[in-house]
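Visitor: Contents of input-v2.cif (mmCIF, C-alpha atoms, pLDDT in the B column; chains and numbers go by the auth columns) are given next:
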```cif
data_my_file
loop_
_atom_site.group_PDB
_atom_site.id
_atom_site.type_symbol
_atom_site.label_atom_id
_atom_site.label_comp_id
_atom_site.label_asym_id
_atom_site.label_seq_id
_atom_site.Cartn_x
_atom_site.Cartn_y
_atom_site.Cartn_z
_atom_site.B_iso_or_equiv
_atom_site.auth_seq_id
_atom_site.auth_asym_id
ATOM 1 C CA MET A 1 32.336 -68.983 -31.366 44.00 191 M
ATOM 2 C CA SER A 2 32.530 -65.163 -31.139 46.00 192 M
ATOM 3 C CA LYS A 3 33.764 -63.516 -27.975 50.00 193 M
ATOM 4 C CA LYS A 4 31.046 -61.752 -26.002 54.00 194 M
ATOM 5 C CA VAL A 5 31.662 -58.019 -25.596 52.00 195 M
ATOM 6 C CA PRO A 6 31.177 -56.942 -21.956 59.00 196 M
ATOM 7 C CA ARG A 7 28.443 -54.410 -21.182 75.00 197 M
ATOM 8 C CA VAL A 8 29.684 -51.031 -20.004 90.00 198 M
ATOM 9 C CA ALA A 9 28.368 -48.975 -17.092 91.00 199 M
ATOM 10 C CA PHE A 10 28.927 -45.779 -15.113 96.00 200 M
ATOM 11 C CA ILE A 11 32.521 -44.834 -14.280 97.00 201 M
ATOM 12 C CA LYS A 12 33.354 -42.020 -11.878 97.00 202 M
ATOM 13 C CA PRO A 13 34.717 -39.076 -13.897 98.00 203 M
ATOM 14 C CA MET A 14 38.279 -37.921 -13.393 98.00 204 M
ATOM 15 C CA LEU A 15 38.413 -34.665 -11.405 98.00 205 M
ATOM 16 C CA LEU A 16 40.267 -31.408 -11.992 98.00 206 M
ATOM 17 C CA LEU A 17 42.550 -29.737 -9.477 98.00 207 M
ATOM 18 C CA ARG A 18 41.835 -26.039 -9.053 97.00 208 M
ATOM 19 C CA THR A 19 44.901 -23.811 -9.315 97.00 209 M
ATOM 20 C CA GLU A 20 45.756 -20.113 -9.480 95.00 210 M
ATOM 21 C CA LYS A 21 48.397 -20.727 -12.180 96.00 211 M
ATOM 22 C CA LEU A 22 48.261 -23.374 -14.877 97.00 212 M
ATOM 23 C CA PRO A 23 51.390 -25.349 -15.783 97.00 213 M
ATOM 24 C CA GLU A 24 53.061 -24.653 -19.119 94.00 214 M
ATOM 25 C CA GLY A 25 55.236 -26.633 -21.491 95.00 215 M
ATOM 26 C CA PRO A 26 55.070 -29.192 -24.296 95.00 216 M
ATOM 27 C CA GLU A 27 53.852 -31.925 -21.918 97.00 217 M
ATOM 28 C CA TRP A 28 50.599 -30.020 -21.299 98.00 218 M
ATOM 29 C CA LEU A 29 47.497 -29.599 -23.472 98.00 219 M
ATOM 30 C CA ILE A 30 45.225 -26.583 -22.931 98.00 220 M
ATOM 31 C CA GLU A 31 41.447 -26.600 -23.406 98.00 221 M
ATOM 32 C CA LEU A 32 38.705 -24.086 -22.722 96.00 222 M
ATOM 33 C CA LYS A 33 36.790 -24.427 -19.462 95.00 223 M
ATOM 34 C CA LEU A 34 33.272 -24.839 -20.823 93.00 224 M
ATOM 35 C CA ASP A 35 31.026 -23.806 -17.906 90.00 225 M
ATOM 36 C CA GLY A 36 28.399 -26.513 -18.330 95.00 226 M
ATOM 37 C CA TYR A 37 27.290 -29.779 -16.722 96.00 227 M
ATOM 38 C CA ARG A 38 29.809 -32.635 -16.742 97.00 228 M
ATOM 39 C CA ALA A 39 28.256 -35.803 -18.125 98.00 229 M
ATOM 40 C CA LEU A 40 29.112 -39.315 -19.267 98.00 230 M
ATOM 41 C CA ALA A 41 27.572 -40.623 -22.470 98.00 231 M
ATOM 42 C CA ILE A 42 27.163 -44.406 -22.314 98.00 232 M
ATOM 43 C CA ARG A 43 25.888 -46.614 -25.119 97.00 233 M
ATOM 44 C CA SER A 44 25.274 -50.237 -24.188 96.00 234 M
ATOM 45 C CA GLY A 45 23.043 -52.768 -25.906 95.00 235 M
ATOM 46 C CA GLY A 46 22.178 -50.108 -28.472 95.00 236 M
ATOM 47 C CA LYS A 47 20.737 -47.766 -25.827 96.00 237 M
ATOM 48 C CA VAL A 48 22.250 -44.395 -24.910 97.00 238 M
ATOM 49 C CA GLN A 49 22.308 -43.012 -21.372 97.00 239 M
ATOM 50 C CA LEU A 50 23.482 -39.586 -20.303 98.00 240 M
ATOM 51 C CA LEU A 51 24.602 -39.561 -16.658 98.00 241 M
ATOM 52 C CA SER A 52 25.838 -36.757 -14.406 97.00 242 M
ATOM 53 C CA ARG A 53 29.184 -36.939 -12.615 96.00 243 M
ATOM 54 C CA HIS A 54 27.233 -38.188 -9.571 96.00 244 M
ATOM 55 C CA ASN A 55 25.478 -40.919 -11.608 97.00 245 M
ATOM 56 C CA ASN A 56 22.160 -39.074 -11.861 97.00 246 M
ATOM 57 C CA ASP A 57 20.122 -39.574 -15.021 96.00 247 M
ATOM 58 C CA PHE A 58 20.374 -36.685 -17.504 96.00 248 M
ATOM 59 C CA SER A 59 18.698 -38.656 -20.307 96.00 249 M
ATOM 60 C CA THR A 60 15.164 -37.302 -19.847 94.00 250 M
ATOM 61 C CA ARG A 61 16.488 -33.847 -19.004 92.00 251 M
ATOM 62 C CA TYR A 62 18.453 -33.506 -22.243 94.00 252 M
ATOM 63 C CA PRO A 63 16.696 -35.764 -24.791 94.00 253 M
ATOM 64 C CA SER A 64 18.100 -33.869 -27.806 93.00 254 M
ATOM 65 C CA ILE A 65 21.644 -34.771 -26.699 96.00 255 M
ATOM 66 C CA VAL A 66 20.687 -38.424 -26.191 97.00 256 M
ATOM 67 C CA ARG A 67 19.163 -38.592 -29.682 97.00 257 M
ATOM 68 C CA ALA A 68 22.273 -37.013 -31.187 97.00 258 M
ATOM 69 C CA LEU A 69 24.459 -39.635 -29.491 98.00 259 M
ATOM 70 C CA ALA A 70 22.429 -42.544 -30.878 97.00 260 M
ATOM 71 C CA SER A 71 25.111 -43.387 -33.449 97.00 261 M
ATOM 72 C CA MET A 72 28.075 -43.367 -31.063 98.00 262 M
ATOM 73 C CA PRO A 73 29.964 -46.695 -30.906 97.00 263 M
ATOM 74 C CA ASP A 74 28.168 -49.386 -28.904 97.00 264 M
ATOM 75 C CA GLU A 75 29.565 -50.557 -25.542 97.00 265 M
ATOM 76 C CA SER A 76 31.446 -47.266 -25.195 98.00 266 M
ATOM 77 C CA VAL A 77 31.748 -44.511 -22.584 98.00 267 M
ATOM 78 C CA ILE A 78 32.475 -40.882 -23.469 98.00 268 M
ATOM 79 C CA ASP A 79 33.330 -38.078 -21.051 98.00 269 M
ATOM 80 C CA GLY A 80 32.112 -34.604 -21.912 98.00 270 M
ATOM 81 C CA GLU A 81 30.021 -31.605 -20.952 98.00 271 M
ATOM 82 C CA VAL A 82 26.503 -30.392 -21.706 97.00 272 M
ATOM 83 C CA VAL A 83 26.822 -26.747 -22.727 96.00 273 M
ATOM 84 C CA ALA A 84 24.447 -23.976 -23.792 92.00 274 M
ATOM 85 C CA LEU A 85 25.877 -21.349 -26.133 88.00 275 M
ATOM 86 C CA ASP A 86 24.646 -17.761 -26.188 84.00 276 M
ATOM 87 C CA GLN A 87 23.990 -15.717 -29.332 82.00 277 M
ATOM 88 C CA ASP A 88 27.705 -14.979 -29.609 82.00 278 M
ATOM 89 C CA GLY A 89 28.638 -18.666 -29.395 84.00 279 M
ATOM 90 C CA ARG A 90 30.006 -18.429 -25.863 87.00 280 M
ATOM 91 C CA PRO A 91 29.211 -21.001 -23.154 90.00 281 M
ATOM 92 C CA SER A 92 26.523 -19.623 -20.839 86.00 282 M
ATOM 93 C CA PHE A 93 25.757 -21.422 -17.589 87.00 283 M
ATOM 94 C CA ASN A 94 22.767 -19.158 -16.967 84.00 284 M
ATOM 95 C CA SER A 95 21.316 -20.145 -20.352 84.00 285 M
ATOM 96 C CA LEU A 96 21.926 -23.813 -19.534 88.00 286 M
ATOM 97 C CA GLN A 97 19.979 -23.506 -16.296 84.00 287 M
ATOM 98 C CA ASN A 98 17.084 -21.850 -18.132 80.00 288 M
ATOM 99 C CA TYR A 99 17.330 -23.531 -21.543 75.00 289 M
ATOM 100 C CA GLY A 100 13.798 -24.959 -21.408 67.00 290 M
ATOM 101 C CA ARG A 101 12.267 -21.509 -21.173 62.00 291 M
ATOM 102 C CA ALA A 102 14.778 -19.679 -23.328 58.00 292 M
ATOM 103 C CA GLY A 103 14.714 -22.172 -26.198 68.00 293 M
ATOM 104 C CA ILE A 104 18.497 -22.066 -26.488 78.00 294 M
ATOM 105 C CA PRO A 105 20.015 -25.102 -28.261 82.00 295 M
ATOM 106 C CA LEU A 106 22.270 -27.391 -26.270 92.00 296 M
ATOM 107 C CA HIS A 107 25.548 -29.002 -27.253 96.00 297 M
ATOM 108 C CA PHE A 108 27.584 -31.891 -25.895 98.00 298 M
ATOM 109 C CA PHE A 109 31.337 -31.300 -26.042 98.00 299 M
ATOM 110 C CA ILE A 110 33.405 -34.507 -26.030 98.00 300 M
ATOM 111 C CA PHE A 111 36.834 -34.385 -24.407 97.00 301 M
ATOM 112 C CA ASP A 112 37.686 -37.955 -23.404 98.00 302 M
ATOM 113 C CA LEU A 113 37.036 -41.624 -24.072 98.00 303 M
ATOM 114 C CA LEU A 114 36.956 -44.283 -21.340 98.00 304 M
ATOM 115 C CA MET A 115 35.619 -47.389 -23.100 98.00 305 M
ATOM 116 C CA LEU A 116 35.445 -48.214 -26.818 98.00 306 M
ATOM 117 C CA HIS A 117 33.503 -51.247 -28.110 97.00 307 M
ATOM 118 C CA GLY A 118 33.783 -52.855 -24.663 96.00 308 M
ATOM 119 C CA ARG A 119 37.545 -52.264 -24.396 96.00 309 M
ATOM 120 C CA GLU A 120 38.864 -50.120 -21.553 97.00 310 M
ATOM 121 C CA VAL A 121 41.185 -47.389 -22.846 98.00 311 M
ATOM 122 C CA MET A 122 41.678 -45.397 -19.611 98.00 312 M
ATOM 123 C CA ALA A 123 45.288 -46.604 -19.225 98.00 313 M
ATOM 124 C CA GLU A 124 46.187 -45.164 -22.640 98.00 314 M
ATOM 125 C CA PRO A 125 47.811 -41.687 -22.610 98.00 315 M
ATOM 126 C CA LEU A 126 45.475 -38.759 -23.196 98.00 316 M
ATOM 127 C CA VAL A 127 46.846 -38.051 -26.664 98.00 317 M
ATOM 128 C CA LYS A 128 46.122 -41.657 -27.684 98.00 318 M
ATOM 129 C CA ARG A 129 42.570 -41.463 -26.299 98.00 319 M
ATOM 130 C CA ARG A 130 42.003 -38.301 -28.320 98.00 320 M
ATOM 131 C CA GLU A 131 43.252 -40.104 -31.436 98.00 321 M
ATOM 132 C CA LEU A 132 40.683 -42.839 -30.771 98.00 322 M
ATOM 133 C CA ILE A 133 37.945 -40.199 -30.447 98.00 323 M
ATOM 134 C CA GLU A 134 38.962 -38.622 -33.743 98.00 324 M
ATOM 135 C CA LYS A 135 39.122 -41.964 -35.567 98.00 325 M
ATOM 136 C CA HIS A 136 36.245 -43.966 -34.090 98.00 326 M
ATOM 137 C CA VAL A 137 33.796 -41.581 -32.398 98.00 327 M
ATOM 138 C CA LEU A 138 33.593 -38.234 -34.178 97.00 328 M
ATOM 139 C CA PRO A 139 32.976 -39.666 -37.682 97.00 329 M
ATOM 140 C CA THR A 140 29.709 -41.215 -36.404 94.00 330 M
ATOM 141 C CA LEU A 141 28.386 -38.009 -34.820 97.00 331 M
ATOM 142 C CA ALA A 142 27.276 -34.526 -35.864 95.00 332 M
ATOM 143 C CA ASP A 143 25.975 -31.304 -34.350 93.00 333 M
ATOM 144 C CA PRO A 144 24.940 -30.744 -31.562 96.00 334 M
ATOM 145 C CA ILE A 145 27.797 -33.094 -30.600 98.00 335 M
ATOM 146 C CA ARG A 146 31.102 -31.241 -30.725 97.00 336 M
ATOM 147 C CA TYR A 147 34.756 -31.846 -29.896 97.00 337 M
ATOM 148 C CA SER A 148 36.592 -29.855 -27.235 97.00 338 M
ATOM 149 C CA PRO A 149 39.610 -28.530 -29.157 95.00 339 M
ATOM 150 C CA ILE A 150 43.182 -28.156 -27.993 97.00 340 M
ATOM 151 C CA LEU A 151 44.086 -24.457 -27.933 97.00 341 M
ATOM 152 C CA GLU A 152 47.297 -23.794 -29.857 94.00 342 M
ATOM 153 C CA ALA A 153 48.753 -20.607 -28.355 95.00 343 M
ATOM 154 C CA SER A 154 50.919 -19.512 -25.462 95.00 344 M
ATOM 155 C CA LEU A 155 49.292 -19.557 -22.046 96.00 345 M
ATOM 156 C CA PRO A 156 49.571 -15.761 -21.539 96.00 346 M
ATOM 157 C CA ASP A 157 47.879 -15.171 -24.923 97.00 347 M
ATOM 158 C CA LEU A 158 45.120 -17.657 -24.077 96.00 348 M
ATOM 159 C CA ILE A 159 44.506 -16.002 -20.712 96.00 349 M
ATOM 160 C CA ARG A 160 44.230 -12.585 -22.362 96.00 350 M
ATOM 161 C CA SER A 161 41.816 -13.958 -24.983 95.00 351 M
ATOM 162 C CA VAL A 162 39.631 -15.715 -22.407 95.00 352 M
ATOM 163 C CA LYS A 163 39.542 -12.579 -20.273 94.00 353 M
ATOM 164 C CA ALA A 164 38.648 -10.356 -23.234 94.00 354 M
ATOM 165 C CA GLN A 165 35.823 -12.658 -24.354 91.00 355 M
ATOM 166 C CA GLY A 166 34.370 -13.013 -20.864 90.00 356 M
ATOM 167 C CA LEU A 167 34.855 -16.794 -20.804 92.00 357 M
ATOM 168 C CA GLU A 168 35.188 -18.710 -17.547 92.00 358 M
ATOM 169 C CA GLY A 169 38.694 -20.121 -17.677 96.00 359 M
ATOM 170 C CA LEU A 170 41.130 -22.724 -18.967 97.00 360 M
ATOM 171 C CA VAL A 171 42.013 -26.362 -18.324 98.00 361 M
ATOM 172 C CA ALA A 172 45.478 -27.928 -18.564 98.00 362 M
ATOM 173 C CA LYS A 173 45.900 -31.683 -19.000 98.00 363 M
ATOM 174 C CA ARG A 174 49.145 -33.643 -19.006 98.00 364 M
ATOM 175 C CA ARG A 175 49.363 -35.101 -22.509 98.00 365 M
ATOM 176 C CA ASN A 176 50.536 -38.533 -21.336 98.00 366 M
ATOM 177 C CA SER A 177 48.057 -38.785 -18.428 98.00 367 M
ATOM 178 C CA SER A 178 45.942 -41.869 -17.932 98.00 368 M
ATOM 179 C CA TYR A 179 42.270 -41.504 -16.979 98.00 369 M
ATOM 180 C CA GLU A 180 41.937 -41.762 -13.186 98.00 370 M
ATOM 181 C CA PRO A 181 38.273 -42.331 -12.233 98.00 371 M
ATOM 182 C CA GLY A 182 37.135 -40.209 -9.309 97.00 372 M
ATOM 183 C CA VAL A 183 40.683 -38.950 -8.641 97.00 373 M
ATOM 184 C CA ARG A 184 41.961 -35.354 -8.422 97.00 374 M
ATOM 185 C CA SER A 185 45.629 -36.126 -9.018 97.00 375 M
ATOM 186 C CA GLY A 186 46.715 -32.843 -10.593 97.00 376 M
ATOM 187 C CA ALA A 187 47.231 -34.391 -14.031 98.00 377 M
ATOM 188 C CA TRP A 188 44.197 -32.281 -14.962 98.00 378 M
ATOM 189 C CA GLN A 189 44.082 -28.706 -13.642 98.00 379 M
ATOM 190 C CA LYS A 190 41.628 -25.825 -14.004 97.00 380 M
ATOM 191 C CA MET A 191 42.002 -22.097 -13.590 97.00 381 M
ATOM 192 C CA HIS A 192 39.267 -19.486 -13.411 94.00 382 M
ATOM 193 C CA VAL A 193 40.109 -16.360 -15.399 93.00 383 M
ATOM 194 C CA ASN A 194 36.864 -14.406 -15.104 86.00 384 M
ATOM 195 C CA ARG A 195 35.475 -14.961 -11.649 67.00 385 M
ATOM 196 C CA GLY A 196 31.778 -14.754 -10.902 53.00 386 M
ATOM 197 C CA GLN A 197 29.948 -14.668 -7.622 39.00 387 M
ATOM 198 C CA GLU A 198 26.770 -16.466 -6.634 38.00 388 M
ATOM 199 C CA PHE A 199 24.234 -14.898 -4.274 34.00 389 M
ATOM 200 C CA VAL A 200 21.231 -16.436 -2.581 36.00 390 M
ATOM 201 C CA ILE A 201 18.248 -14.077 -2.548 36.00 391 M
ATOM 202 C CA ALA A 202 15.744 -14.878 0.182 39.00 392 M
ATOM 203 C CA GLY A 203 12.534 -13.305 1.398 40.00 393 M
ATOM 204 C CA TYR A 204 10.577 -13.456 4.622 38.00 394 M
ATOM 205 C CA THR A 205 6.843 -13.251 5.143 42.00 395 M
ATOM 206 C CA PRO A 206 5.612 -12.955 8.745 42.00 396 M
#
```
Do you think you could lay out the structure here as structure tokens?
Guide:
Amino acid sequence: MSKKVPRVAFIKPMLLLRTEKLPEGPEWLIELKLDGYRALAIRSGGKVQLLSRHNNDFSTRYPSIVRALASMPDESVIDGEVVALDQDGRPSFNSLQNYGRAGIPLHFFIFDLLMLHGREVMAEPLVKRRELIEKHVLPTLADPIRYSPILEASLPDLIRSVKAQGLEGLVAKRRNSSYEPGVRSGAWQKMHVNRGQEFVIAGYTP
């Protein structure tokens, strides 16, 4: 008699600690801060759901991403980000907010794996979870699904590059960190390099 694989469901995403200076050293991995919408991709019973970090349904909002994830492993949960890229290939939050009108293609960048074929892998170190993504998840998927790469350069050089290209910032993750659902432990940290400001424009009619 075969063992029944448990159905998977929403898991609170691990949170990033905001900092003015990212940690450096061989125990840290650096990624680009993507400036999109955080989302969990869940496939259970052959059906894919795309859920926001607050467990709101993104599936009908981003159907092209859901279709592209149709071949991800069943009974699995992937952590990533829905991102719109501008004409120069840079993440654009403004384009993401207006993608329906602008006709800009969307992408889903994968950066972590929580469940694989019904098996919880959150206690595995980050580098091991990335190995599982590379071996079991990425081979089944194609564009517009992409992989968030590790940036191989010194932190000062990365900061200069991000600043020059007008990108939002960088993320540092401890390479041996476990996945801590809903926790902002500091094992994952983010730093804004190019700061933007948001303004609310209001009008008044007597």
Visitor: Report as a list in words the full result of the PyMOL selection byres ((chain M and resi 226) around 9) when it is applied to this structure.
Guide: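 That selection, the PyMOL selection byres ((chain M and resi 226) around 9), comes back as Lys223, Leu224, Asp225, Tyr227, Arg228, Glu271, Val272, Val273, Ala274, Pro281, Ser282, Phe283 and Leu286 of chain M.
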Visitor: Here is a test: counting all atoms listed in the file, which residue of M:Lys202, M:Arg365, M:Arg280, M:Arg233 is nearest to M:Asn246?
Guide: M:Lys202
Visitor: Give me the residues near stretch 323-328 of chain M as a PDB file with C-alpha atoms, in the coordinates of the input, where near means some atom within 10 Å (using only C-alpha atoms) and where sequence neighbours in that chain fewer than 6 positions away do not count.
Guide:
```pdb
ATOM      1  CA  LEU M 259      24.459 -39.635 -29.491  1.00 98.00           C
ATOM      2  CA  SER M 261      25.111 -43.387 -33.449  1.00 97.00           C
ATOM      3  CA  MET M 262      28.075 -43.367 -31.063  1.00 98.00           C
ATOM      4  CA  PRO M 263      29.964 -46.695 -30.906  1.00 97.00           C
ATOM      5  CA  SER M 266      31.446 -47.266 -25.195  1.00 98.00           C
ATOM      6  CA  ILE M 268      32.475 -40.882 -23.469  1.00 98.00           C
ATOM      7  CA  ILE M 300      33.405 -34.507 -26.030  1.00 98.00           C
ATOM      8  CA  PHE M 301      36.834 -34.385 -24.407  1.00 97.00           C
ATOM      9  CA  ASP M 302      37.686 -37.955 -23.404  1.00 98.00           C
ATOM     10  CA  LEU M 303      37.036 -41.624 -24.072  1.00 98.00           C
ATOM     11  CA  LEU M 306      35.445 -48.214 -26.818  1.00 98.00           C
ATOM     12  CA  HIS M 307      33.503 -51.247 -28.110  1.00 97.00           C
ATOM     13  CA  VAL M 317      46.846 -38.051 -26.664  1.00 98.00           C
ATOM     14  CA  ILE M 335      27.797 -33.094 -30.600  1.00 98.00           C
ATOM     15  CA  ARG M 336      31.102 -31.241 -30.725  1.00 97.00           C
ATOM     16  CA  TYR M 337      34.756 -31.846 -29.896  1.00 97.00           C
TER      17      TYR M 337
END
```
Visitor: Please enumerate the residues selected by the PyMOL selection byres ((chain M and resi 345-351) around 10) when evaluated against the supplied file, formatted as a CSV table (one decimal) with C-alpha atoms, in the coordinates of the input.
Guide:
```
chain,number,residue,atom,x,y,z
M,211,LYS,CA,48.4,-20.7,-12.2
M,212,LEU,CA,48.3,-23.4,-14.9
M,213,PRO,CA,51.4,-25.3,-15.8
M,214,GLU,CA,53.1,-24.7,-19.1
M,215,GLY,CA,55.2,-26.6,-21.5
M,220,ILE,CA,45.2,-26.6,-22.9
M,221,GLU,CA,41.4,-26.6,-23.4
M,222,LEU,CA,38.7,-24.1,-22.7
M,341,LEU,CA,44.1,-24.5,-27.9
M,342,GLU,CA,47.3,-23.8,-29.9
M,343,ALA,CA,48.8,-20.6,-28.4
M,344,SER,CA,50.9,-19.5,-25.5
M,352,VAL,CA,39.6,-15.7,-22.4
M,353,LYS,CA,39.5,-12.6,-20.3
M,354,ALA,CA,38.6,-10.4,-23.2
M,355,GLN,CA,35.8,-12.7,-24.4
M,356,GLY,CA,34.4,-13.0,-20.9
M,357,LEU,CA,34.9,-16.8,-20.8
M,359,GLY,CA,38.7,-20.1,-17.7
M,360,LEU,CA,41.1,-22.7,-19.0
M,362,ALA,CA,45.5,-27.9,-18.6
M,381,MET,CA,42.0,-22.1,-13.6
M,382,HIS,CA,39.3,-19.5,-13.4
M,383,VAL,CA,40.1,-16.4,-15.4
M,384,ASN,CA,36.9,-14.4,-15.1
```
Visitor: Would you compute the distance between atom CA of M:Pro334 and atom CA of M:Ser254? Give it in Å to one decimal.
Guide: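 Calculated distance between atom CA of M:Pro334 and atom CA of M:Ser254 is 8.4 Å.
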Visitor: Give the centre and edge lengths of an axis-aligned box, in Å to one decimal, that holds all listed atoms of stretch 283-302 of chain M with 4 Å on each side, as AutoDock Vina command-line options.
Guide:
```
--center_x 25.0 --center_y -28.6 --center_z -22.3 --size_x 33.4 --size_y 26.8 --size_z 20.0
```
Visitor: Nearest to M:Asp276 among M:Phe298, M:Trp378, M:Tyr289, M:Phe200, with distances taken over all atoms listed in the file: which residue is it?
Guide: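 So, comparing all the options, the nearest one is M:Tyr289.
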Visitor: Can you turn the PyMOL selection byres ((chain M and resi 315) around 8) into a concrete residue list for this file, as JSON, numbers by chain?
Guide: {"M": [312, 313, 314, 316, 317, 318, 319, 365, 366, 367, 368, 369]}
Visitor: Rounded to one decimal, what separation in Å do you get between atom CA of M:Ser338 and atom CA of M:Val361?
Guide: 11.0 Å
Visitor: Report the distance between atom CA of M:Ala377 and atom CA of M:Leu322 in Å, rounded to one decimal place.
Guide: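 Straight-line distance from atom CA of M:Ala377 to atom CA of M:Leu322 works out to 19.9 Å.
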Visitor: Keeping just all heavy atoms, export stretch 368-375 of chain M of this structure as a PDB file, in the first residue's frame.
Guide:
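Ended up saving to result.pdb:
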```pdb
ATOM      1  N   SER M 368      17.711  28.444   8.096  1.00  0.00           N
ATOM      2  CA  SER M 368      16.481  27.706   7.847  1.00  0.00           C
ATOM      3  C   SER M 368      15.406  28.696   7.434  1.00  0.00           C
ATOM      4  O   SER M 368      15.588  29.911   7.539  1.00  0.00           O
ATOM      5  CB  SER M 368      16.047  26.936   9.099  1.00  0.00           C
ATOM      6  OG  SER M 368      15.840  27.842  10.174  1.00  0.00           O
ATOM      7  N   TYR M 369      14.275  28.202   6.946  1.00  0.00           N
ATOM      8  CA  TYR M 369      13.161  29.062   6.557  1.00  0.00           C
ATOM      9  C   TYR M 369      12.254  29.229   7.764  1.00  0.00           C
ATOM     10  O   TYR M 369      11.719  28.255   8.289  1.00  0.00           O
ATOM     11  CB  TYR M 369      12.398  28.451   5.385  1.00  0.00           C
ATOM     12  CG  TYR M 369      11.436  29.410   4.724  1.00  0.00           C
ATOM     13  CD1 TYR M 369      11.811  30.128   3.587  1.00  0.00           C
ATOM     14  CD2 TYR M 369      10.159  29.614   5.238  1.00  0.00           C
ATOM     15  CE1 TYR M 369      10.936  31.020   2.981  1.00  0.00           C
ATOM     16  CE2 TYR M 369       9.284  30.501   4.631  1.00  0.00           C
ATOM     17  CZ  TYR M 369       9.675  31.198   3.509  1.00  0.00           C
ATOM     18  OH  TYR M 369       8.806  32.076   2.911  1.00  0.00           O
ATOM     19  N   GLU M 370      12.082  30.476   8.218  1.00  0.00           N
ATOM     20  CA  GLU M 370      11.314  30.771   9.427  1.00  0.00           C
ATOM     21  C   GLU M 370      10.000  31.470   9.042  1.00  0.00           C
ATOM     22  O   GLU M 370       9.986  32.685   8.843  1.00  0.00           O
ATOM     23  CB  GLU M 370      12.140  31.655  10.354  1.00  0.00           C
ATOM     24  CG  GLU M 370      13.487  31.049  10.746  1.00  0.00           C
ATOM     25  CD  GLU M 370      14.385  32.030  11.463  1.00  0.00           C
ATOM     26  OE1 GLU M 370      14.297  32.108  12.708  1.00  0.00           O
ATOM     27  OE2 GLU M 370      15.157  32.729  10.789  1.00  0.00           O
ATOM     28  N   PRO M 371       8.906  30.743   8.936  1.00  0.00           N
ATOM     29  CA  PRO M 371       7.648  31.326   8.473  1.00  0.00           C
ATOM     30  C   PRO M 371       7.171  32.480   9.349  1.00  0.00           C
ATOM     31  O   PRO M 371       7.064  32.347  10.573  1.00  0.00           O
ATOM     32  CB  PRO M 371       6.667  30.147   8.538  1.00  0.00           C
ATOM     33  CG  PRO M 371       7.523  28.933   8.439  1.00  0.00           C
ATOM     34  CD  PRO M 371       8.782  29.286   9.162  1.00  0.00           C
ATOM     35  N   GLY M 372       6.909  33.612   8.707  1.00  0.00           N
ATOM     36  CA  GLY M 372       6.361  34.765   9.403  1.00  0.00           C
ATOM     37  C   GLY M 372       7.310  35.467  10.348  1.00  0.00           C
ATOM     38  O   GLY M 372       6.900  36.373  11.073  1.00  0.00           O
ATOM     39  N   VAL M 373       8.599  35.096  10.346  1.00  0.00           N
ATOM     40  CA  VAL M 373       9.561  35.619  11.312  1.00  0.00           C
ATOM     41  C   VAL M 373      10.544  36.576  10.624  1.00  0.00           C
ATOM     42  O   VAL M 373      10.965  36.343   9.495  1.00  0.00           O
ATOM     43  CB  VAL M 373      10.327  34.470  11.997  1.00  0.00           C
ATOM     44  CG1 VAL M 373      11.420  35.010  12.913  1.00  0.00           C
ATOM     45  CG2 VAL M 373       9.370  33.583  12.779  1.00  0.00           C
ATOM     46  N   ARG M 374      10.903  37.643  11.337  1.00  0.00           N
ATOM     47  CA  ARG M 374      11.910  38.603  10.865  1.00  0.00           C
ATOM     48  C   ARG M 374      13.125  38.481  11.785  1.00  0.00           C
ATOM     49  O   ARG M 374      13.393  39.346  12.633  1.00  0.00           O
ATOM     50  CB  ARG M 374      11.315  40.025  10.903  1.00  0.00           C
ATOM     51  CG  ARG M 374      12.034  41.036  10.014  1.00  0.00           C
ATOM     52  CD  ARG M 374      11.478  42.443  10.196  1.00  0.00           C
ATOM     53  NE  ARG M 374      10.045  42.526  10.068  1.00  0.00           N
ATOM     54  CZ  ARG M 374       9.385  42.726   8.929  1.00  0.00           C
ATOM     55  NH1 ARG M 374      10.058  42.839   7.801  1.00  0.00           N
ATOM     56  NH2 ARG M 374       8.055  42.793   8.908  1.00  0.00           N
ATOM     57  N   SER M 375      13.870  37.416  11.626  1.00  0.00           N
ATOM     58  CA  SER M 375      14.934  37.076  12.575  1.00  0.00           C
ATOM     59  C   SER M 375      16.245  37.807  12.318  1.00  0.00           C
ATOM     60  O   SER M 375      17.106  37.855  13.188  1.00  0.00           O
ATOM     61  CB  SER M 375      15.198  35.567  12.536  1.00  0.00           C
ATOM     62  OG  SER M 375      15.761  35.209  11.279  1.00  0.00           O
TER      63      SER M 375
END
```
